[in-house]
Every structure is written in C-alpha cells, then in structure tokens.
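Chemist: Sharing final_15.txt below, compact mmCIF, C-alpha atoms and all ligand atoms:
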# COMPACT_ATOMS: atom_id res chain seq x y z
CA MET V 1034 85.89 41.91 36.59
CA THR V 1035 83.34 42.72 33.86
CA SER V 1036 80.08 40.90 34.36
CA LEU V 1037 78.34 39.17 31.48
CA SER V 1038 75.32 41.44 31.80
CA ALA V 1039 77.56 44.52 31.58
CA LEU V 1040 79.05 43.17 28.36
CA ARG V 1041 75.63 42.48 26.93
CA ALA V 1042 74.09 45.80 27.89
CA PRO V 1043 75.29 47.95 24.98
CA LEU V 1044 74.12 45.42 22.41
CA ILE V 1045 70.73 45.10 24.00
CA ASP V 1046 70.43 48.87 24.18
CA THR V 1047 71.39 49.16 20.54
CA TYR V 1048 68.83 46.54 19.64
CA ALA V 1049 66.26 48.55 21.58
CA TYR V 1050 67.30 51.61 19.59
CA TYR V 1051 66.56 49.79 16.32
CA LYS V 1052 63.28 48.49 17.61
CA GLU V 1053 62.25 52.00 18.54
CA TYR V 1054 63.49 53.33 15.22
CA LEU V 1055 61.66 50.72 13.18
CA SER V 1056 58.50 51.14 15.15
CA ALA V 1057 58.62 54.93 14.58
CA TYR V 1058 59.21 54.34 10.88
CA LEU V 1059 56.33 51.92 10.52
CA LYS V 1060 53.99 54.18 12.42
CA HIS V 1061 54.94 57.32 10.57
CA ASN V 1062 51.98 59.51 9.85
CA GLN V 1063 51.17 59.00 6.17
CA ASP V 1064 49.75 62.52 5.93
CA TYR V 1065 53.26 63.88 6.40
CA PRO V 1066 56.59 63.44 4.67
CA ARG V 1067 58.52 60.42 5.87
CA SER V 1068 61.78 62.29 6.53
CA ILE V 1069 62.40 66.00 6.61
CA PHE V 1070 65.81 67.23 5.48
CA LEU V 1071 66.53 70.55 7.07
CA GLU V 1072 69.23 73.01 6.07
CA VAL V 1073 70.31 74.85 9.22
CA THR V 1074 72.99 76.61 7.19
CA PRO V 1075 74.18 76.15 3.61
CA HIS V 1076 77.58 77.44 4.70
CA CYS V 1077 80.51 75.03 5.03
CA ASN V 1078 84.05 74.95 6.38
CA LEU V 1079 85.18 72.58 3.58
CA ARG V 1080 85.18 72.53 -0.21
CA CYS V 1081 85.02 68.82 -1.06
CA VAL V 1082 85.94 68.06 -4.66
CA PHE V 1083 82.67 66.42 -5.69
CA CYS V 1084 80.25 68.47 -3.61
CA PRO V 1085 77.80 70.28 -5.87
CA CYS V 1086 77.31 73.06 -3.32
CA TYR V 1087 80.70 74.57 -4.16
CA ILE V 1088 82.17 75.08 -7.57
CA ASP V 1089 85.69 76.44 -7.80
CA GLY V 1090 85.42 77.13 -4.07
CA GLU V 1091 82.35 79.36 -4.48
CA GLU V 1092 78.95 78.63 -2.97
CA VAL V 1093 76.53 78.06 -5.85
CA PHE V 1094 73.36 79.23 -4.12
CA ARG V 1095 74.21 82.85 -3.54
CA ASP V 1096 70.74 83.88 -2.40
CA ARG V 1097 71.05 81.70 0.70
CA ALA V 1098 74.83 81.76 1.24
CA ASN V 1099 76.03 82.39 4.79
CA LYS V 1100 72.59 82.25 6.35
CA TYR V 1101 71.86 80.43 9.61
CA MET V 1102 68.44 79.21 10.68
CA SER V 1103 67.53 80.69 14.05
CA TYR V 1104 66.23 78.61 16.95
CA GLU V 1105 62.97 80.63 16.85
CA THR V 1106 62.44 79.83 13.17
CA PHE V 1107 63.19 76.17 13.79
CA THR V 1108 60.76 75.88 16.71
CA LYS V 1109 58.10 77.62 14.64
CA ILE V 1110 58.51 75.01 11.88
CA ILE V 1111 58.41 72.15 14.41
CA ASP V 1112 55.49 73.57 16.41
CA HIS V 1113 53.39 73.49 13.23
CA ILE V 1114 53.85 69.72 12.92
CA SER V 1115 54.54 68.63 16.49
CA GLY V 1116 52.36 65.75 17.71
CA ARG V 1117 51.56 64.72 14.13
CA PHE V 1118 54.89 64.39 12.32
CA ASN V 1119 56.63 61.48 14.02
CA PHE V 1120 59.47 60.21 11.88
CA GLN V 1121 62.87 61.83 11.45
CA ILE V 1122 64.48 65.19 10.91
CA CYS V 1123 67.83 64.98 9.11
CA PHE V 1124 70.12 67.94 9.54
CA THR V 1125 71.49 67.88 6.03
CA TYR V 1126 70.94 69.25 2.56
CA SER V 1127 73.85 71.52 1.86
CA GLY V 1128 76.39 72.93 4.30
CA GLU V 1129 77.82 71.82 7.62
CA PRO V 1130 75.20 71.70 10.42
CA LEU V 1131 77.77 72.08 13.22
CA LEU V 1132 78.37 75.63 12.01
CA ASN V 1133 74.96 76.60 13.38
CA ARG V 1134 75.47 77.13 17.11
CA ASP V 1135 71.75 76.60 17.79
CA VAL V 1136 71.74 73.10 16.33
CA PHE V 1137 72.07 71.42 19.76
CA ASN V 1138 69.05 73.26 21.12
CA MET V 1139 67.19 72.21 18.00
CA ILE V 1140 68.08 68.54 18.58
CA ALA V 1141 67.00 68.79 22.22
CA TYR V 1142 63.71 70.34 21.09
CA LEU V 1143 63.11 67.34 18.84
CA ARG V 1144 64.03 64.88 21.60
CA GLU V 1145 61.47 66.47 23.92
CA ARG V 1146 58.89 65.87 21.20
CA GLN V 1147 60.16 62.33 20.51
CA ILE V 1148 61.09 63.13 16.93
CA PRO V 1149 64.28 61.24 15.93
CA SER V 1150 67.18 63.37 14.69
CA VAL V 1151 70.00 62.53 12.29
CA MET V 1152 73.04 64.63 11.45
CA HIS V 1153 75.47 64.33 8.52
CA SER V 1154 78.69 66.10 9.37
CA ASN V 1155 82.32 66.39 8.44
CA ALA V 1156 82.91 66.23 12.24
CA LEU V 1157 85.80 68.70 12.11
CA LEU V 1158 84.10 71.13 14.45
CA LEU V 1159 83.30 68.53 17.07
CA THR V 1160 85.30 70.04 19.93
CA ALA V 1161 85.06 68.58 23.46
CA ASP V 1162 82.36 71.11 24.25
CA LYS V 1163 80.33 70.28 21.16
CA THR V 1164 80.72 66.54 21.79
CA ARG V 1165 79.17 67.08 25.21
CA GLN V 1166 76.35 69.06 23.64
CA VAL V 1167 75.68 66.34 21.04
CA LEU V 1168 75.33 63.80 23.86
CA ASP V 1169 73.27 66.06 26.11
CA ALA V 1170 70.91 67.08 23.33
CA GLY V 1171 70.09 63.44 22.53
CA LEU V 1172 71.01 63.18 18.86
CA ASP V 1173 69.93 59.77 17.54
CA ARG V 1174 72.30 59.22 14.65
CA PHE V 1175 75.57 60.92 13.69
CA ILE V 1176 76.92 60.21 10.21
CA VAL V 1177 80.54 61.22 9.68
CA SER V 1178 81.66 61.80 6.11
CA LEU V 1179 85.17 60.44 5.72
CA ASP V 1180 86.26 59.95 2.14
CA GLY V 1181 89.78 58.74 2.76
CA ALA V 1182 91.58 56.40 5.14
CA SER V 1183 94.89 58.29 5.03
CA LYS V 1184 95.77 61.91 5.67
CA GLN V 1185 96.84 62.53 2.09
CA THR V 1186 93.77 61.04 0.38
CA TYR V 1187 91.28 62.48 2.85
CA GLU V 1188 92.72 65.96 2.53
CA ASP V 1189 92.87 65.76 -1.29
CA VAL V 1190 89.14 64.93 -1.44
CA ARG V 1191 87.88 66.89 1.56
CA ARG V 1192 89.58 70.17 0.75
CA GLY V 1193 90.24 72.23 3.87
CA GLY V 1194 89.86 69.21 6.19
CA ASP V 1195 92.34 67.70 8.62
CA PHE V 1196 92.38 63.90 8.84
CA ASN V 1197 93.93 63.66 12.31
CA THR V 1198 91.37 66.06 13.75
CA VAL V 1199 88.38 64.18 12.39
CA ILE V 1200 89.69 60.82 13.64
CA ALA V 1201 90.44 62.27 17.08
CA ASN V 1202 86.95 63.79 17.20
CA VAL V 1203 85.22 60.51 16.33
CA LYS V 1204 87.30 58.68 18.96
CA ALA V 1205 86.41 61.27 21.58
CA LEU V 1206 82.71 61.10 20.74
CA LEU V 1207 82.69 57.31 21.13
CA GLN V 1208 84.69 57.50 24.37
CA GLU V 1209 82.45 60.17 25.87
CA ARG V 1210 79.35 58.25 24.83
CA THR V 1211 80.64 55.16 26.63
CA LYS V 1212 81.66 57.19 29.69
CA ALA V 1213 78.18 58.66 29.88
CA GLY V 1214 76.64 55.17 29.59
CA LEU V 1215 74.73 56.20 26.46
CA THR V 1216 74.08 54.37 23.19
CA ARG V 1217 72.98 57.47 21.30
CA PRO V 1218 73.99 58.83 18.94
CA PHE V 1219 74.45 55.77 16.77
CA VAL V 1220 77.78 56.63 15.09
CA GLU V 1221 78.30 55.84 11.42
CA MET V 1222 81.14 56.57 9.01
CA GLN V 1223 80.58 57.08 5.33
CA PHE V 1224 83.01 56.98 2.41
CA VAL V 1225 82.08 58.21 -1.07
CA VAL V 1226 84.09 56.03 -3.44
CA THR V 1227 85.90 57.83 -6.26
CA SER V 1228 88.74 56.98 -8.60
CA LYS V 1229 91.09 58.89 -6.25
CA ASN V 1230 90.27 57.01 -3.05
CA LYS V 1231 88.92 53.57 -4.00
CA HIS V 1232 92.23 51.90 -3.11
CA GLU V 1233 91.60 52.92 0.50
CA VAL V 1234 88.27 51.13 0.97
CA PRO V 1235 89.93 48.13 2.75
CA ALA V 1236 91.81 50.56 5.02
CA PHE V 1237 88.53 52.39 5.70
CA GLN V 1238 87.03 49.08 6.79
CA THR V 1239 89.96 48.43 9.13
CA LEU V 1240 89.78 51.96 10.49
CA SER V 1241 86.05 51.59 11.23
CA ARG V 1242 86.74 48.37 13.10
CA ASP V 1243 89.64 49.91 15.06
CA LEU V 1244 87.59 52.94 16.02
CA LYS V 1245 84.63 50.67 16.90
CA VAL V 1246 82.07 52.88 15.23
CA ASP V 1247 78.62 51.31 15.10
CA TYR V 1248 78.43 51.09 11.36
CA ALA V 1249 80.35 52.05 8.22
CA ARG V 1250 79.39 52.10 4.59
CA THR V 1251 80.69 53.16 1.22
CA LYS V 1252 78.55 55.32 -1.02
CA THR V 1253 78.69 55.68 -4.76
CA LEU V 1254 79.36 58.98 -6.44
CA LEU V 1255 76.48 61.11 -7.60
CA VAL V 1256 77.13 63.38 -10.55
CA PHE V 1257 74.76 66.28 -10.03
CA GLN V 1258 73.38 67.55 -13.32
CA ASP V 1259 71.68 70.65 -12.08
CA THR V 1260 74.75 72.65 -11.26
CA GLN V 1261 74.56 74.58 -14.51
CA ASN V 1262 78.29 74.17 -14.67
CA GLN V 1263 79.70 71.86 -17.32
CA GLY V 1264 83.19 72.16 -15.80
CA TYR V 1265 81.94 70.59 -12.54
CA ILE V 1266 80.17 67.80 -14.39
CA GLU V 1267 83.23 66.93 -16.47
CA GLU V 1268 85.54 67.08 -13.44
CA VAL V 1269 83.28 64.87 -11.31
CA LYS V 1270 82.91 62.36 -14.14
CA GLY V 1271 86.68 61.94 -13.83
CA TYR V 1272 86.15 60.68 -10.25
CA PHE V 1273 83.61 58.06 -11.30
CA VAL V 1274 84.34 54.39 -10.55
CA GLU V 1275 82.66 51.53 -12.41
CA ASP V 1276 81.36 49.06 -9.89
CA GLU V 1277 78.39 46.78 -9.43
CA VAL V 1278 76.73 49.24 -7.04
CA ALA V 1279 77.71 52.37 -8.99
CA ARG V 1280 74.78 54.54 -9.99
CA TYR V 1281 75.83 54.71 -13.65
CA ASN V 1282 77.04 52.55 -16.50
CA VAL V 1283 79.61 53.90 -18.92
CA GLU V 1284 78.15 53.94 -22.42
CA ASP V 1285 79.86 55.58 -25.40
CA GLY V 1286 82.19 57.33 -22.98
CA GLY V 1287 79.29 58.92 -21.04
CA LEU V 1288 77.49 57.99 -17.82
CA VAL V 1289 74.03 56.47 -18.00
CA LEU V 1290 71.87 55.93 -14.92
CA LYS V 1291 71.43 52.22 -14.20
CA ASP V 1292 68.03 52.14 -12.68
CA ALA V 1293 65.57 54.95 -13.07
CA SER V 1294 62.54 53.06 -11.84
CA THR V 1295 61.31 55.04 -8.88
CA CYS V 1296 61.96 58.51 -7.61
CA PRO V 1297 63.56 57.90 -4.20
CA GLU V 1298 62.41 61.17 -2.71
CA ILE V 1299 58.70 61.60 -3.25
CA GLN V 1300 57.88 60.94 0.38
CA ASN V 1301 60.61 63.20 1.74
CA CYS V 1302 60.63 66.92 2.22
CA ILE V 1303 63.48 69.40 1.97
CA ILE V 1304 63.38 72.68 3.87
CA THR V 1305 65.97 75.36 3.10
CA VAL V 1306 67.50 77.75 5.60
CA ASP V 1307 64.81 80.26 4.53
CA GLY V 1308 61.97 77.82 5.27
CA ASP V 1309 61.24 77.18 1.61
CA VAL V 1310 60.08 73.68 0.74
CA VAL V 1311 61.99 72.54 -2.35
CA MET V 1312 61.63 69.54 -4.60
CA CYS V 1313 64.40 67.21 -3.43
CA CYS V 1314 68.03 67.02 -2.27
CA PHE V 1315 69.19 67.18 -5.87
CA ASP V 1316 67.57 70.54 -6.45
CA ILE V 1317 70.56 72.29 -4.91
CA HIS V 1318 69.57 75.71 -6.25
CA GLY V 1319 66.03 75.42 -4.88
CA LYS V 1320 64.66 75.94 -8.37
CA TYR V 1321 61.39 74.09 -7.63
CA LYS V 1322 59.80 75.75 -4.59
CA PHE V 1323 56.35 74.90 -3.26
CA GLY V 1324 55.79 77.32 -0.43
CA ASN V 1325 57.30 78.54 2.80
CA CYS V 1326 56.65 76.56 5.95
CA ILE V 1327 57.61 79.41 8.29
CA GLU V 1328 54.81 81.51 6.87
CA THR V 1329 52.05 78.93 6.52
CA GLY V 1330 53.19 75.76 8.30
CA LEU V 1331 54.22 72.55 6.58
CA ASP V 1332 50.69 71.05 6.52
CA GLU V 1333 49.45 73.65 4.11
CA VAL V 1334 52.51 73.44 1.87
CA TRP V 1335 52.73 69.63 1.81
CA ARG V 1336 49.04 69.11 1.05
CA ALA V 1337 48.59 71.90 -1.49
CA GLU V 1338 47.09 70.48 -4.66
CA GLY V 1339 49.87 71.76 -6.92
CA TYR V 1340 52.64 70.17 -4.84
CA THR V 1341 50.76 66.90 -4.34
CA GLU V 1342 50.22 66.67 -8.07
CA PHE V 1343 53.85 67.58 -8.75
CA ARG V 1344 55.05 64.71 -6.50
CA ARG V 1345 52.68 62.27 -8.12
CA ASP V 1346 53.16 63.28 -11.71
CA VAL V 1347 56.47 65.11 -12.24
CA MET V 1348 58.68 63.63 -9.50
CA ALA V 1349 57.35 60.07 -9.44
CA LYS V 1350 57.58 59.86 -13.20
CA ARG V 1351 61.01 61.52 -13.32
CA ARG V 1352 59.93 64.06 -15.86
CA LEU V 1353 62.70 66.61 -15.24
CA SER V 1354 66.10 66.59 -16.89
CA ILE V 1355 67.96 66.40 -13.54
CA CYS V 1356 66.12 63.13 -12.81
CA SER V 1357 68.11 61.43 -15.55
CA PHE V 1358 71.19 61.50 -13.30
CA CYS V 1359 69.58 61.06 -9.91
CA ASN V 1360 70.34 58.07 -7.71
CA THR V 1361 68.03 55.24 -6.87
CA SER V 1362 67.94 53.54 -3.53
CA THR V 1363 69.40 50.30 -4.85
CA HIS V 1364 72.59 51.77 -6.27
CA VAL V 1365 73.88 53.89 -3.48
CA SER V 1366 75.66 52.17 -0.66
CA ARG V 1367 77.39 49.06 0.56
CA ASP V 1368 78.00 48.04 4.16
CA VAL V 1369 81.65 47.64 4.99
CA TYR V 1370 81.51 47.21 8.72
CA GLN V 1371 79.03 46.71 11.50
CA LEU V 1372 79.01 45.29 14.95
CA PRO V 1373 76.97 42.10 15.38
CA ARG V 1374 73.23 42.75 15.69
CA ARG V 1375 73.69 46.39 14.84
CA ILE V 1376 73.14 45.83 11.15
CA THR V 1377 69.62 44.42 11.02
CA PHE V 1378 67.90 47.68 10.38
CA ALA V 1379 70.91 49.85 9.60
CA ARG V 1380 70.93 48.51 6.07
CA HIS V 1381 67.26 49.15 5.80
CA PHE V 1382 67.63 52.76 6.83
CA ALA V 1383 71.05 53.47 5.36
CA HIS V 1384 69.81 55.31 2.30
CA ARG V 1385 67.17 57.23 4.16
CA GLY V 1386 69.51 59.54 6.02
CA GLY V 1387 71.24 61.05 3.02
CA ARG V 1388 71.63 61.25 -0.66
C1 LIG R 1401 76.31 67.78 1.26
S1 LIG R 1401 76.87 66.94 2.69
C2 LIG R 1401 76.25 67.91 4.03
C3 LIG R 1401 76.69 67.43 5.39
C4 LIG R 1401 78.15 67.58 5.77
N1 LIG R 1401 78.72 68.77 5.34
C5 LIG R 1401 78.95 66.38 5.32
O1 LIG R 1401 79.82 66.50 4.47
O2 LIG R 1401 78.66 65.29 5.85
C6 LIG R 1401 75.82 65.51 2.82
C7 LIG R 1401 76.43 64.26 2.27
O3 LIG R 1401 76.47 64.34 0.85
C8 LIG R 1401 77.63 63.65 0.42
N2 LIG R 1401 77.96 64.10 -0.94
C9 LIG R 1401 78.31 65.32 -1.35
N3 LIG R 1401 78.52 65.32 -2.69
C10 LIG R 1401 78.29 64.05 -3.11
C11 LIG R 1401 78.36 63.40 -4.38
N4 LIG R 1401 78.67 64.08 -5.48
N5 LIG R 1401 78.06 62.08 -4.44
C12 LIG R 1401 77.73 61.38 -3.33
N6 LIG R 1401 77.63 61.95 -2.11
C13 LIG R 1401 77.93 63.26 -2.00
C14 LIG R 1401 78.66 64.00 1.46
O4 LIG R 1401 79.72 63.08 1.48
C15 LIG R 1401 77.84 63.97 2.73
O5 LIG R 1401 77.88 62.68 3.29
S1 LIG R 1402 81.71 69.06 4.09
FE1 LIG R 1402 79.72 68.43 3.23
S2 LIG R 1402 78.73 70.33 2.53
FE2 LIG R 1402 80.86 70.80 2.95
S3 LIG R 1402 81.85 70.71 0.95
FE3 LIG R 1402 82.07 68.69 1.93
S4 LIG R 1402 80.29 67.46 1.28
FE4 LIG R 1402 79.87 69.60 0.79
S1 LIG R 1403 64.12 61.48 -9.52
FE1 LIG R 1403 64.05 63.69 -9.93
S2 LIG R 1403 62.56 64.48 -8.49
FE2 LIG R 1403 63.13 62.43 -7.75
S3 LIG R 1403 64.77 62.78 -6.29
FE3 LIG R 1403 65.71 62.45 -8.29
S4 LIG R 1403 66.02 64.51 -9.18
FE4 LIG R 1403 64.56 64.67 -7.49
Would you write the structure of this file as structure tokens?
Modeler:
Amino acid sequence: MTSLSALRAPLIDTYAYYKEYLSAYLKHNQDYPRSIFLEVTPHCNLRCVFCPCYIDGEEVFRDRANKYMSYETFTKIIDHISGRFNFQICFTYSGEPLLNRDVFNMIAYLRERQIPSVMHSNALLLTADKTRQVLDAGLDRFIVSLDGASKQTYEDVRRGGDFNTVIANVKALLQERTKAGLTRPFVEMQFVVTSKNKHEVPAFQTLSRDLKVDYARTKTLLVFQDTQNQGYIEEVKGYFVEDEVARYNVEDGGLVLKDASTCPEIQNCIITVDGDVVMCCFDIHGKYKFGNCIETGLDEVWRAEGYTEFRRDVMAKRRLSICSFCNTSTHVSRDVYQLPRRITFARHFAHRGGR
C-alpha cells in the first residue's frame, strides 16, 4: 500500500526545486549575465519549418556549421566564471544539443559547481543510454519541443522528426526518473502555435496530462527578420496565428510587433560554439560580436565599455532593425498544463529558458 508520505514526496521535492531555483535567481550575481545561452553545436538532425537556422534545408551560418564545442573549451569558459556566476546555463541557441556527445559531462561539470542547467531539445536522440546520462549528469530542466499532437502534424512541422519516437523517449525519461527516485530534470513540453497546428492545442494539453510531464506551454511564433531571406519571412508569415498572446498584430496585411517596450535580453548572454559572445538569440548569424570568452574569459568581454554601452543604448532602446520584430516577455507563452504546486514559479521562469 502506498503511504501518504510517499505520495507527497515528489510534490514536496518539486517545491524544494522551485525554492532553490528562485533563491538562485534572486541571488544571481548582478555583475554577470542572468542566463547564459550556450551553443554546443549549431548542427541539427531536423529542419523545422519555422526555424531560422535552416532555410531550404541549408544551415544559414556557414562559418560555424557542423562544429561541436569540446569539453575542454566548455570547462575553460566555466572556469573563468566559476564561483561568481551563479544562475543558469541554457544549452540552446541554434542546433540540437544532444548531438554533442560531451554535453552530459558539461552538465555534470555545472552540477558540481552548483550552476543550474537547462536544455531545449527535440528529444529524438534520447536513447536509453542518453536518458541515463541525462539523469546521472543532474540536468535541472529539460524542455522538449513538440509542435504537434499527432504524427502527421508533428512531422509536417518538425521535418525529419518521428512523433512516436519522441513520445516514447519522453515517457522513458519520466519513467526512469521515477525509478531512480529523482525529481530532476523538471520535464516540460513546448508547442509553437502556427496556422498548421493550432487545432491540436487541446490534444497537446491532453497528451501532456496523459504523459504526466511537469509542465506544458504553448509559445507564439517568432518571425525572425535577420535571416536576410525574404522567402523565409514570407513563408513563416503564412504560419502566423492571430491570438491575444501572439507577438504581432496584423495591420495592412503585414505583421506589427505588439509591445516593443523593453528588450528582453539585455541581461542575458549568448555564446556561440566558437566562444564568441553575440548580441542576443535573435542574432542568428552572430553579426554583432563583442569578444571571445575562450580567449579572454567572460568577465572581460561582459564588462568591456563598448559592450556595456551597446546593451544600455542600442539593445535596451531597440535601435536595430531586427528589434522591430523581436518578442517581448509578455507575448510569448501560455501555460496549458501543470501539476498542482508545480506552476508557482514555472510561469515566472517560462520565458527565461528560451526565445
Ligand atoms: C532553435 S531551438 C534549439 C533547441 C532544439 N533543437 C529544439 O528544437 O528544442 C530552440 C527553441 O526555439 C524554438 N523556435 C525555433 N524557431 C522558432 C520560431 N520561429 N518561433 C518560435 N520559436 C521557435 C524551437 O521550437 C525550440 O523550442
Ligand atoms: S530541432 Fe530545433 S534547431 Fe533543429 S530545426 Fe528544429 S527548432 Fe531548429
Ligand atoms: S530587442 Fe533587439 S537586441 Fe533586444 S533581444 Fe530583441 S533583437 Fe535582440
């Protein structure tokens, strides 16, 4: 017979996870970026229809295509900031992080230093062995991108993906986590709503409940303007859905950003596979570079006068043309499912782990 305390344990542990998370967030060292987004490879096994990293199946950032960050490079970056940077490292920018075989050692390295880790993934490569490694390494939060609730829709949007595999992988991760008596990683599912999949949002909600993930949310579509490819922009506009949380209004047949009040990224830092610090997640090509944190360490790059001024003046005031289409934190996501008590801070942090 299951005891009451056994039933309560996972919830209490999850609550403890949030408490720890919030406390780390509140205590984050103001001299450092709040979150660091790290590209361990820009390479991907999929070609999702709206992803700005791939146009007509081709990677857009040819100078970094097919590179993988080595464990040595990663530890060098972390050693520079260890003991002072104390918020989170998100393994995302472009590409699929599970393609880098060193990513589990990287997560374990962060855990040893009590730096929380977050991974966005398409979860297709999460074999039994990798699931074990995710759990052993101590990943804090695993965000699965699932943009369809049926095989047909998922595979139309996530080109090259296999719906049954991703669902089986999420199930196995949750089962193994329970078997191991762990509450980490916190498992989330995310669904970018487009005109081709919006009818499946209710089914996505049901699926999240059936799978018993910790949290699920929908995200609105971002139309990247810095792709230098009008074909992409026009195609992605065709996927746009008007909605109260959508990032844009339709005016004169075009999309106009709803709320351009604050730049959501000035406190965050993006590091490419080459160690370059670039402006923000939306600067997919890495056009605005501020230094290389493998060469000099992040402290020097982050505090350099030019970059500090750029964050304060150019980014904060949205002076660049790509800013006119960039998201704001209020028009990005909507919760569709959460277990009781698990939501309190999930909503608060939902937009911090991705674009
Ligand atoms: C670029 S992916 C990298 C991580 C991983 N490959 C994945 O798909 O989760 C990071 C996140 O960006 C989201 N994304 C990509 N293009 C987007 C767009 N145009 N609008 C909104 N979200 C987008 C993906 O759904 C994913 O959740
Ligand atoms: S899996 Fe992620 S990185 Fe790869 S194409 Fe899809 S959204 Fe882009
Ligand atoms: S407002 Fe501009 S600088 Fe800020 S995140 Fe968006 S694109 Fe980047």
Chemist: Select from chain V every residue with an atom at most 8 Å from any atom of ligand LIG 1401 (chain R), then for each give the shortest pair of atoms and their distance in Å to one decimal, using all atoms listed in the file, rows by chain and rising number, as CSV.
Modeler:
residue,atom,partner,partner_atom,distance
V:Cys1077,CA,R:LIG1401,N1,6.5
V:Leu1079,CA,R:LIG1401,N1,7.7
V:Cys1081,CA,R:LIG1401,N3,7.6
V:Phe1083,CA,R:LIG1401,N4,4.6
V:Cys1084,CA,R:LIG1401,N3,3.7
V:Pro1085,CA,R:LIG1401,N3,5.9
V:Cys1086,CA,R:LIG1401,C1,7.1
V:Phe1124,CA,R:LIG1401,C3,7.8
V:Thr1125,CA,R:LIG1401,C2,5.2
V:Tyr1126,CA,R:LIG1401,C2,5.7
V:Ser1127,CA,R:LIG1401,C1,4.5
V:Gly1128,CA,R:LIG1401,N1,4.9
V:Glu1129,CA,R:LIG1401,N1,3.9
V:Pro1130,CA,R:LIG1401,C3,6.8
V:Met1152,CA,R:LIG1401,C3,7.6
V:His1153,CA,R:LIG1401,O2,4.3
V:Ser1154,CA,R:LIG1401,O2,3.6
V:Asn1155,CA,R:LIG1401,C5,4.6
V:Ala1156,CA,R:LIG1401,O2,7.7
V:Ile1176,CA,R:LIG1401,O2,6.9
V:Val1177,CA,R:LIG1401,O2,5.9
V:Ser1178,CA,R:LIG1401,O2,4.6
V:Leu1179,CA,R:LIG1401,O4,7.4
V:Asp1180,CA,R:LIG1401,O4,7.3
V:Gln1223,CA,R:LIG1401,O5,6.5
V:Phe1224,CA,R:LIG1401,O4,7.0
V:Val1225,CA,R:LIG1401,C12,5.8
V:Lys1252,CA,R:LIG1401,C12,6.5
V:Thr1253,CA,R:LIG1401,C12,6.0
V:Leu1254,CA,R:LIG1401,N5,3.9
V:Leu1255,CA,R:LIG1401,N5,3.7
V:Val1256,CA,R:LIG1401,N4,5.3
V:Phe1257,CA,R:LIG1401,N4,6.4
V:Val1269,CA,R:LIG1401,N4,7.5
V:Gly1387,CA,R:LIG1401,C7,6.1
V:Arg1388,CA,R:LIG1401,O3,5.9
Chemist: Report, in Å to a single decimal, how far apart atom CA of Ile1200 of chain V and atom CA of Asp1243 of chain V are.
Modeler: 11.0 Å
Chemist: Which residues sit within 7 Å of ligand LIG 1403 (chain R), counting all atoms listed in the file, listed as a PDB file with C-alpha atoms, keeping the file's coordinate frame?
Modeler:
ATOM      1  CA  CYS V1296      61.960  58.510  -7.610  1.00  0.00           C
ATOM      2  CA  PRO V1297      63.560  57.900  -4.200  1.00  0.00           C
ATOM      3  CA  GLU V1298      62.410  61.170  -2.710  1.00  0.00           C
ATOM      4  CA  ILE V1299      58.700  61.600  -3.250  1.00  0.00           C
ATOM      5  CA  MET V1312      61.630  69.540  -4.600  1.00  0.00           C
ATOM      6  CA  CYS V1313      64.400  67.210  -3.430  1.00  0.00           C
ATOM      7  CA  CYS V1314      68.030  67.020  -2.270  1.00  0.00           C
ATOM      8  CA  PHE V1315      69.190  67.180  -5.870  1.00  0.00           C
ATOM      9  CA  ASP V1316      67.570  70.540  -6.450  1.00  0.00           C
ATOM     10  CA  MET V1348      58.680  63.630  -9.500  1.00  0.00           C
ATOM     11  CA  ALA V1349      57.350  60.070  -9.440  1.00  0.00           C
ATOM     12  CA  ARG V1351      61.010  61.520 -13.320  1.00  0.00           C
ATOM     13  CA  LEU V1353      62.700  66.610 -15.240  1.00  0.00           C
ATOM     14  CA  ILE V1355      67.960  66.400 -13.540  1.00  0.00           C
ATOM     15  CA  CYS V1356      66.120  63.130 -12.810  1.00  0.00           C
ATOM     16  CA  CYS V1359      69.580  61.060  -9.910  1.00  0.00           C
ATOM     17  CA  ASN V1360      70.340  58.070  -7.710  1.00  0.00           C
TER      18      ASN V1360
END
Chemist: Using all atoms listed in the file, determine which residues lie at most 12 Å from Cys1326 of chain V, disregarding the query and same-chain residues fewer than 3 positions distant; provide the list as number ranges by chain.
Modeler: V: 1071, 1106-1114, 1302-1311, 1322-1323, 1329-1337
Chemist: The selected residues should be written to file as a short mmCIF file (atom, residue, chain, number, x, y, z; two decimals), keeping the file's coordinate frame (atoms: C-alpha atoms).
Modeler:
data_model
loop_
_atom_site.label_atom_id
_atom_site.label_comp_id
_atom_site.auth_asym_id
_atom_site.auth_seq_id
_atom_site.Cartn_x
_atom_site.Cartn_y
_atom_site.Cartn_z
CA LEU V 1071 66.53 70.55 7.07
CA THR V 1106 62.44 79.83 13.17
CA PHE V 1107 63.19 76.17 13.79
CA THR V 1108 60.76 75.88 16.71
CA LYS V 1109 58.10 77.62 14.64
CA ILE V 1110 58.51 75.01 11.88
CA ILE V 1111 58.41 72.15 14.41
CA ASP V 1112 55.49 73.57 16.41
CA HIS V 1113 53.39 73.49 13.23
CA ILE V 1114 53.85 69.72 12.92
CA CYS V 1302 60.63 66.92 2.22
CA ILE V 1303 63.48 69.40 1.97
CA ILE V 1304 63.38 72.68 3.87
CA THR V 1305 65.97 75.36 3.10
CA VAL V 1306 67.50 77.75 5.60
CA ASP V 1307 64.81 80.26 4.53
CA GLY V 1308 61.97 77.82 5.27
CA ASP V 1309 61.24 77.18 1.61
CA VAL V 1310 60.08 73.68 0.74
CA VAL V 1311 61.99 72.54 -2.35
CA LYS V 1322 59.80 75.75 -4.59
CA PHE V 1323 56.35 74.90 -3.26
CA THR V 1329 52.05 78.93 6.52
CA GLY V 1330 53.19 75.76 8.30
CA LEU V 1331 54.22 72.55 6.58
CA ASP V 1332 50.69 71.05 6.52
CA GLU V 1333 49.45 73.65 4.11
CA VAL V 1334 52.51 73.44 1.87
CA TRP V 1335 52.73 69.63 1.81
CA ARG V 1336 49.04 69.11 1.05
CA ALA V 1337 48.59 71.90 -1.49
#
Chemist: By how many Å are atom CA of His1076 of chain V and atom CA of Asn1099 of chain V apart?
Modeler: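 These atoms are spaced 5.2 Å apart.
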Chemist: One number please: atom CA of Gln1263 of chain V to atom CA of Arg1191 of chain V, in Å, one decimal.
Modeler: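 Separation between atom CA of Gln1263 of chain V and atom CA of Arg1191 of chain V: 21.2 Å.
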